[in-house]
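K.L.:
Submitted below is the structure of interest, expressed as structure tokens.
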Amino acid sequence: MIVVTGATGNVGRELVRMLAAAGEQVTAVSRQPAPLPEGVRHSQADLAEPASLRSALEGARALFLLVAGEDPQTILDQAEAAGVRRVVLLSSQGAGTRPQTYRHPAAFEEAVRRSGLDWTILRPGGFDSNAYAWAETIRSQRTAAAPFGDVGLPTIDPADIAEVAAVVLRQAGHAGRTYELTGPAPVTPRERAEAIGAALGAPVRFDEQTREEARAQMLQFMPEPVVDGTLSILGEPTAAEQKVSPDVERLLGRAPRAFADWAARNVAAFR
């Protein structure tokens, strides 16, 4: 059995679907119930409360773990005690490029490496699905606002992350590996707005925010250190943060999906 935490999120939802379609026994872990594929067991639990995971982990051989909560060691100890032998951690590119800023995922990575489990770490960059932040203004005004409109980053489709996770959870040969996951090419915020407009069949106006405007908006839902680190990546990315990684293509045997593909599949959110 494979346990998937964050099973209702952009990655977890797709991962549960893929594993179930492949015939795997799956336990989907989330704080709230949600529709699941037939045959998938649901366990209501919260990573911030590791004890709540105990029943979910019973009989599991592999665990897909999000960076959530503050006690990765207890989660991993419980997993090992339950018989889990493989853990795949969904971390962040920032844990490698800016570990002092992204201390939370970096701490989870360290705990996973110290565990007695076979581990694999996935480090995606920005998600294509971050564009959902524009959904309301695109629906109501056909506008999208963001800072650094002409700085490109190779954001990744969450479905590609899920497909990679399914591969490393089910196949041997990935223990002790860290994979960098990106899309096929850097795409700027302005280009992402244009791609959504193309999917809609109606132009979307791009409004470039100042760094200060974006920071004030982001502070409403993100901790200050993460806001400042994210803005630094968006505005002054390092060469490593702009690099297209070959790992998705190596693992899946195909190129990662372009942002335009994500926009076309998810256009209903912007109508």
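How things are named: the first chain in the structure tokens is A, the next is B, and so on; residues count from 1 in each chain; ligands count from 1 in the order shown.
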Could you pull out the residues in range 90-219 of chain A that DSSP calls alpha helix (DSSP H) from the backbone, as a count of residues only?

P.N.:
56

K.L.:
Hey, could you make a per-residue contact list for range 112-188 of chain A against range 255-270 of chain A with 10 Å as the cut-off, showing the nearest pair of atoms and its distance in Å to one decimal, counting only C-alpha atoms, sorted by chain and number, as JSON lines?

P.N.:
{"residue": "A:Phe127", "atom": "CA", "partner": "A:Phe259", "partner_atom": "CA", "distance": 9.5}
{"residue": "A:Asp128", "atom": "CA", "partner": "A:Phe259", "partner_atom": "CA", "distance": 6.2}
{"residue": "A:Ser129", "atom": "CA", "partner": "A:Trp262", "partner_atom": "CA", "distance": 7.9}
{"residue": "A:Ala131", "atom": "CA", "partner": "A:Ala263", "partner_atom": "CA", "distance": 8.8}
{"residue": "A:Tyr132", "atom": "CA", "partner": "A:Ala269", "partner_atom": "CA", "distance": 7.5}
{"residue": "A:Trp134", "atom": "CA", "partner": "A:Phe270", "partner_atom": "CA", "distance": 8.0}
{"residue": "A:Ala135", "atom": "CA", "partner": "A:Phe270", "partner_atom": "CA", "distance": 5.0}
{"residue": "A:Glu136", "atom": "CA", "partner": "A:Phe270", "partner_atom": "CA", "distance": 7.3}
{"residue": "A:Thr137", "atom": "CA", "partner": "A:Phe270", "partner_atom": "CA", "distance": 8.6}
{"residue": "A:Ile138", "atom": "CA", "partner": "A:Phe270", "partner_atom": "CA", "distance": 6.0}
{"residue": "A:Arg139", "atom": "CA", "partner": "A:Phe270", "partner_atom": "CA", "distance": 5.2}
{"residue": "A:Ser140", "atom": "CA", "partner": "A:Phe270", "partner_atom": "CA", "distance": 9.0}
{"residue": "A:Arg142", "atom": "CA", "partner": "A:Phe270", "partner_atom": "CA", "distance": 8.8}
{"residue": "A:Pro154", "atom": "CA", "partner": "A:Phe259", "partner_atom": "CA", "distance": 9.0}
{"residue": "A:Thr155", "atom": "CA", "partner": "A:Phe259", "partner_atom": "CA", "distance": 7.5}
{"residue": "A:Ile156", "atom": "CA", "partner": "A:Phe259", "partner_atom": "CA", "distance": 7.4}
{"residue": "A:Asp157", "atom": "CA", "partner": "A:Trp262", "partner_atom": "CA", "distance": 6.3}
{"residue": "A:Pro158", "atom": "CA", "partner": "A:Trp262", "partner_atom": "CA", "distance": 8.8}
{"residue": "A:Ala159", "atom": "CA", "partner": "A:Arg257", "partner_atom": "CA", "distance": 8.8}
{"residue": "A:Asp160", "atom": "CA", "partner": "A:Pro256", "partner_atom": "CA", "distance": 6.6}
{"residue": "A:Ile161", "atom": "CA", "partner": "A:Pro256", "partner_atom": "CA", "distance": 9.4}
{"residue": "A:Leu181", "atom": "CA", "partner": "A:Pro256", "partner_atom": "CA", "distance": 9.0}
{"residue": "A:Thr182", "atom": "CA", "partner": "A:Pro256", "partner_atom": "CA", "distance": 7.6}
{"residue": "A:Gly183", "atom": "CA", "partner": "A:Pro256", "partner_atom": "CA", "distance": 5.4}
{"residue": "A:Pro184", "atom": "CA", "partner": "A:Pro256", "partner_atom": "CA", "distance": 5.5}
{"residue": "A:Ala185", "atom": "CA", "partner": "A:Ala258", "partner_atom": "CA", "distance": 7.6}
{"residue": "A:Pro186", "atom": "CA", "partner": "A:Phe259", "partner_atom": "CA", "distance": 9.6}
{"residue": "A:Val187", "atom": "CA", "partner": "A:Phe259", "partner_atom": "CA", "distance": 7.7}

K.L.:
Would you save the residues of that selection, restricted to N, CA, C and O atoms, as an mmCIF file, in the first residue's frame?

P.N.:
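Output (result_27.cif):
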data_model
loop_
_atom_site.group_PDB
_atom_site.id
_atom_site.type_symbol
_atom_site.label_atom_id
_atom_site.label_comp_id
_atom_site.auth_asym_id
_atom_site.auth_seq_id
_atom_site.Cartn_x
_atom_site.Cartn_y
_atom_site.Cartn_z
ATOM 1 N N PHE A 127 5.159 26.221 -9.507
ATOM 2 C CA PHE A 127 4.091 25.419 -10.109
ATOM 3 C C PHE A 127 3.332 26.255 -11.148
ATOM 4 O O PHE A 127 3.023 27.430 -10.911
ATOM 5 N N ASP A 128 2.966 25.622 -12.266
ATOM 6 C CA ASP A 128 2.068 26.281 -13.212
ATOM 7 C C ASP A 128 0.769 26.696 -12.529
ATOM 8 O O ASP A 128 0.181 27.735 -12.849
ATOM 9 N N SER A 129 0.328 25.891 -11.586
ATOM 10 C CA SER A 129 -0.951 26.145 -10.916
ATOM 11 C C SER A 129 -0.930 27.373 -10.022
ATOM 12 O O SER A 129 -1.988 27.805 -9.542
ATOM 13 N N ALA A 131 -0.769 30.097 -11.103
ATOM 14 C CA ALA A 131 -1.577 31.024 -11.888
ATOM 15 C C ALA A 131 -3.032 31.062 -11.431
ATOM 16 O O ALA A 131 -3.769 31.988 -11.803
ATOM 17 N N TYR A 132 -3.470 30.098 -10.636
ATOM 18 C CA TYR A 132 -4.819 30.177 -10.070
ATOM 19 C C TYR A 132 -5.016 31.455 -9.252
ATOM 20 O O TYR A 132 -6.145 31.888 -9.038
ATOM 21 N N TRP A 134 -4.579 34.241 -10.189
ATOM 22 C CA TRP A 134 -5.167 35.228 -11.105
ATOM 23 C C TRP A 134 -6.621 34.933 -11.449
ATOM 24 O O TRP A 134 -7.250 35.716 -12.178
ATOM 25 N N ALA A 135 -7.156 33.821 -10.998
ATOM 26 C CA ALA A 135 -8.453 33.370 -11.501
ATOM 27 C C ALA A 135 -9.546 34.425 -11.327
ATOM 28 O O ALA A 135 -10.317 34.706 -12.262
ATOM 29 N N GLU A 136 -9.625 35.019 -10.158
ATOM 30 C CA GLU A 136 -10.714 35.968 -9.904
ATOM 31 C C GLU A 136 -10.618 37.196 -10.797
ATOM 32 O O GLU A 136 -11.610 37.621 -11.398
ATOM 33 N N THR A 137 -9.417 37.778 -10.911
ATOM 34 C CA THR A 137 -9.301 39.005 -11.717
ATOM 35 C C THR A 137 -9.409 38.704 -13.215
ATOM 36 O O THR A 137 -9.896 39.541 -13.979
ATOM 37 N N ILE A 138 -8.989 37.526 -13.635
ATOM 38 C CA ILE A 138 -9.169 37.177 -15.046
ATOM 39 C C ILE A 138 -10.646 36.956 -15.350
ATOM 40 O O ILE A 138 -11.163 37.416 -16.382
ATOM 41 N N ARG A 139 -11.350 36.292 -14.447
ATOM 42 C CA ARG A 139 -12.788 36.094 -14.668
ATOM 43 C C ARG A 139 -13.541 37.415 -14.708
ATOM 44 O O ARG A 139 -14.418 37.623 -15.553
ATOM 45 N N SER A 140 -13.232 38.313 -13.790
ATOM 46 C CA SER A 140 -14.040 39.530 -13.650
ATOM 47 C C SER A 140 -13.562 40.688 -14.514
ATOM 48 O O SER A 140 -14.367 41.508 -14.965
ATOM 49 N N ARG A 142 -10.523 40.308 -16.851
ATOM 50 C CA ARG A 142 -9.572 39.880 -17.878
ATOM 51 C C ARG A 142 -8.210 40.543 -17.678
ATOM 52 O O ARG A 142 -7.557 40.981 -18.623
ATOM 53 N N PRO A 154 11.299 28.338 -15.415
ATOM 54 C CA PRO A 154 10.732 27.121 -16.004
ATOM 55 C C PRO A 154 9.745 26.430 -15.060
ATOM 56 O O PRO A 154 10.007 25.355 -14.513
ATOM 57 N N THR A 155 8.587 27.059 -14.854
ATOM 58 C CA THR A 155 7.589 26.490 -13.946
ATOM 59 C C THR A 155 7.104 25.140 -14.475
ATOM 60 O O THR A 155 7.182 24.849 -15.666
ATOM 61 N N ILE A 156 6.566 24.332 -13.558
ATOM 62 C CA ILE A 156 6.230 22.946 -13.897
ATOM 63 C C ILE A 156 4.758 22.654 -13.650
ATOM 64 O O ILE A 156 4.151 23.165 -12.705
ATOM 65 N N ASP A 157 4.208 21.821 -14.493
ATOM 66 C CA ASP A 157 2.836 21.352 -14.361
ATOM 67 C C ASP A 157 2.762 20.381 -13.171
ATOM 68 O O ASP A 157 3.517 19.410 -13.115
ATOM 69 N N PRO A 158 1.861 20.606 -12.205
ATOM 70 C CA PRO A 158 1.751 19.668 -11.076
ATOM 71 C C PRO A 158 1.483 18.230 -11.502
ATOM 72 O O PRO A 158 1.883 17.290 -10.803
ATOM 73 N N ALA A 159 0.829 18.045 -12.656
ATOM 74 C CA ALA A 159 0.582 16.682 -13.126
ATOM 75 C C ALA A 159 1.893 15.973 -13.473
ATOM 76 O O ALA A 159 2.003 14.754 -13.306
ATOM 77 N N ASP A 160 2.883 16.723 -13.936
ATOM 78 C CA ASP A 160 4.194 16.117 -14.205
ATOM 79 C C ASP A 160 4.892 15.732 -12.906
ATOM 80 O O ASP A 160 5.562 14.695 -12.832
ATOM 81 N N ILE A 161 4.745 16.566 -11.879
ATOM 82 C CA ILE A 161 5.321 16.208 -10.571
ATOM 83 C C ILE A 161 4.675 14.916 -10.078
ATOM 84 O O ILE A 161 5.355 14.008 -9.583
ATOM 85 N N LEU A 181 12.921 19.284 -10.625
ATOM 86 C CA LEU A 181 11.806 19.174 -11.555
ATOM 87 C C LEU A 181 11.414 20.556 -12.077
ATOM 88 O O LEU A 181 11.083 21.450 -11.304
ATOM 89 N N THR A 182 11.465 20.711 -13.395
ATOM 90 C CA THR A 182 11.084 21.967 -14.031
ATOM 91 C C THR A 182 10.234 21.692 -15.261
ATOM 92 O O THR A 182 10.124 20.556 -15.724
ATOM 93 N N GLY A 183 9.668 22.771 -15.781
ATOM 94 C CA GLY A 183 9.005 22.691 -17.070
ATOM 95 C C GLY A 183 10.021 22.695 -18.199
ATOM 96 O O GLY A 183 11.242 22.658 -17.973
ATOM 97 N N PRO A 184 9.534 22.784 -19.462
ATOM 98 C CA PRO A 184 10.423 22.628 -20.613
ATOM 99 C C PRO A 184 11.195 23.884 -20.998
ATOM 100 O O PRO A 184 12.150 23.796 -21.769
ATOM 101 N N ALA A 185 10.783 25.062 -20.478
ATOM 102 C CA ALA A 185 11.433 26.315 -20.868
ATOM 103 C C ALA A 185 11.022 27.412 -19.897
ATOM 104 O O ALA A 185 9.924 27.364 -19.329
ATOM 105 N N PRO A 186 11.881 28.419 -19.706
ATOM 106 C CA PRO A 186 11.459 29.561 -18.898
ATOM 107 C C PRO A 186 10.278 30.285 -19.544
ATOM 108 O O PRO A 186 10.242 30.465 -20.771
ATOM 109 N N VAL A 187 9.318 30.675 -18.720
ATOM 110 C CA VAL A 187 8.141 31.412 -19.179
ATOM 111 C C VAL A 187 7.958 32.606 -18.254
ATOM 112 O O VAL A 187 7.996 32.462 -17.022
#

K.L.:
So that each row is one residue of range 142-245 of chain A with an atom at most 9 Å from range 78-101 of chain A, can you give its shortest atom pair and the distance in Å to one decimal, using only C-alpha atoms, rows by chain and rising number, as a Markdown table?

P.N.:
| residue | atom | partner | partner_atom | distance |
| --- | --- | --- | --- | --- |
| A:Ile161 | CA | A:Leu90 | CA | 8.9 |
| A:Ala165 | CA | A:Val88 | CA | 7.2 |
| A:Val168 | CA | A:Val88 | CA | 7.5 |
| A:Leu169 | CA | A:Val88 | CA | 6.8 |
| A:Ala175 | CA | A:Arg86 | CA | 8.1 |
| A:Glu180 | CA | A:Gln93 | CA | 6.9 |
| A:Leu181 | CA | A:Gln93 | CA | 8.1 |
| A:Pro225 | CA | A:Thr101 | CA | 6.3 |
| A:Val226 | CA | A:Thr101 | CA | 6.6 |
| A:Asp228 | CA | A:Thr101 | CA | 8.4 |
| A:Gly229 | CA | A:Thr101 | CA | 6.0 |
| A:Thr230 | CA | A:Gly94 | CA | 8.7 |
| A:Ile233 | CA | A:Gly94 | CA | 8.6 |
| A:Thr238 | CA | A:Thr97 | CA | 8.0 |
| A:Ala240 | CA | A:Thr97 | CA | 7.2 |
| A:Glu241 | CA | A:Thr97 | CA | 7.3 |

K.L.:
Looking at A:Ala193, A:Ala172, A:Pro37, A:Ala202, which one is nearest to Ala22 in chain A, with distances taken over only C-alpha atoms?

P.N.:
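Among A:Ala193, A:Ala172, A:Pro37, A:Ala202, it is A:Pro37 that comes nearest to Ala22 in chain A.
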
K.L.:
Pick the closest to Pro105 in chain A from A:Asp46, A:Asp71, A:Glu224, A:Glu14: which is it, counting only C-alpha atoms?

P.N.:
A:Asp71

K.L.:
Excluding same-chain residues fewer than 5 positions from Leu65 in chain A, what lies within 10 Å of it counting only C-alpha atoms, as an MDAnalysis selection string?

P.N.:
chainID A and resid 3:6 12 47 72 75:76 87:91 108 112 121

K.L.:
Step one, run DSSP on the backbone; step two, keep only residues of range 101-219 of chain A assigned to strand (DSSP E or B); then write them as JSON, numbers by chain.

P.N.:
{"A": [118, 119, 120, 121, 122, 123, 124, 127, 143, 144, 145, 146, 147, 153, 156, 177, 178, 179, 180, 181, 187, 205, 206, 207, 208, 209]}

K.L.:
List the spatial neighbours of Gly253 in chain A as a list of chain:residue names - criterion: any atom at most 12 Å away, only C-alpha atoms, same-chain residues fewer than 2 positions off excluded.

P.N.:
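Residues meeting the cut-off are A:Asp160, A:Glu163, A:Val164, A:Val167, A:Pro246, A:Asp247, A:Val248, A:Glu249, A:Arg250, A:Leu251, A:Ala255, A:Pro256.
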
K.L.:
Work out how far CA of Gly235 in chain A is from CA of Asp207 in chain A, in Å to one decimal.

P.N.:
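Taking CA of Asp207 in chain A as the start and CA of Gly235 in chain A as the end point, the length is 15.6 Å.
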
K.L.:
At a cut-off of 9 Å, using only C-alpha atoms, what residues contact range 210-218 of chain A? Leave out same-chain residues fewer than 4 positions from it and give the result as a count of residues only.

P.N.:
11

K.L.:
Using only C-alpha atoms, can you tell me which of A:His42, A:Pro50, A:Gly152, A:Ser245 comes closest to Arg123 in chain A?

P.N.:
A:Ser245

K.L.:
Near range 27-29 of chain A, counting only C-alpha atoms, which residues have an atom at most 9 Å away, once you skip same-chain residues fewer than 3 positions from it, shown as a PyMOL selection string?

P.N.:
chain A and resi 1-8+12-13+16+32-33+36+40-46+53+56-57+60
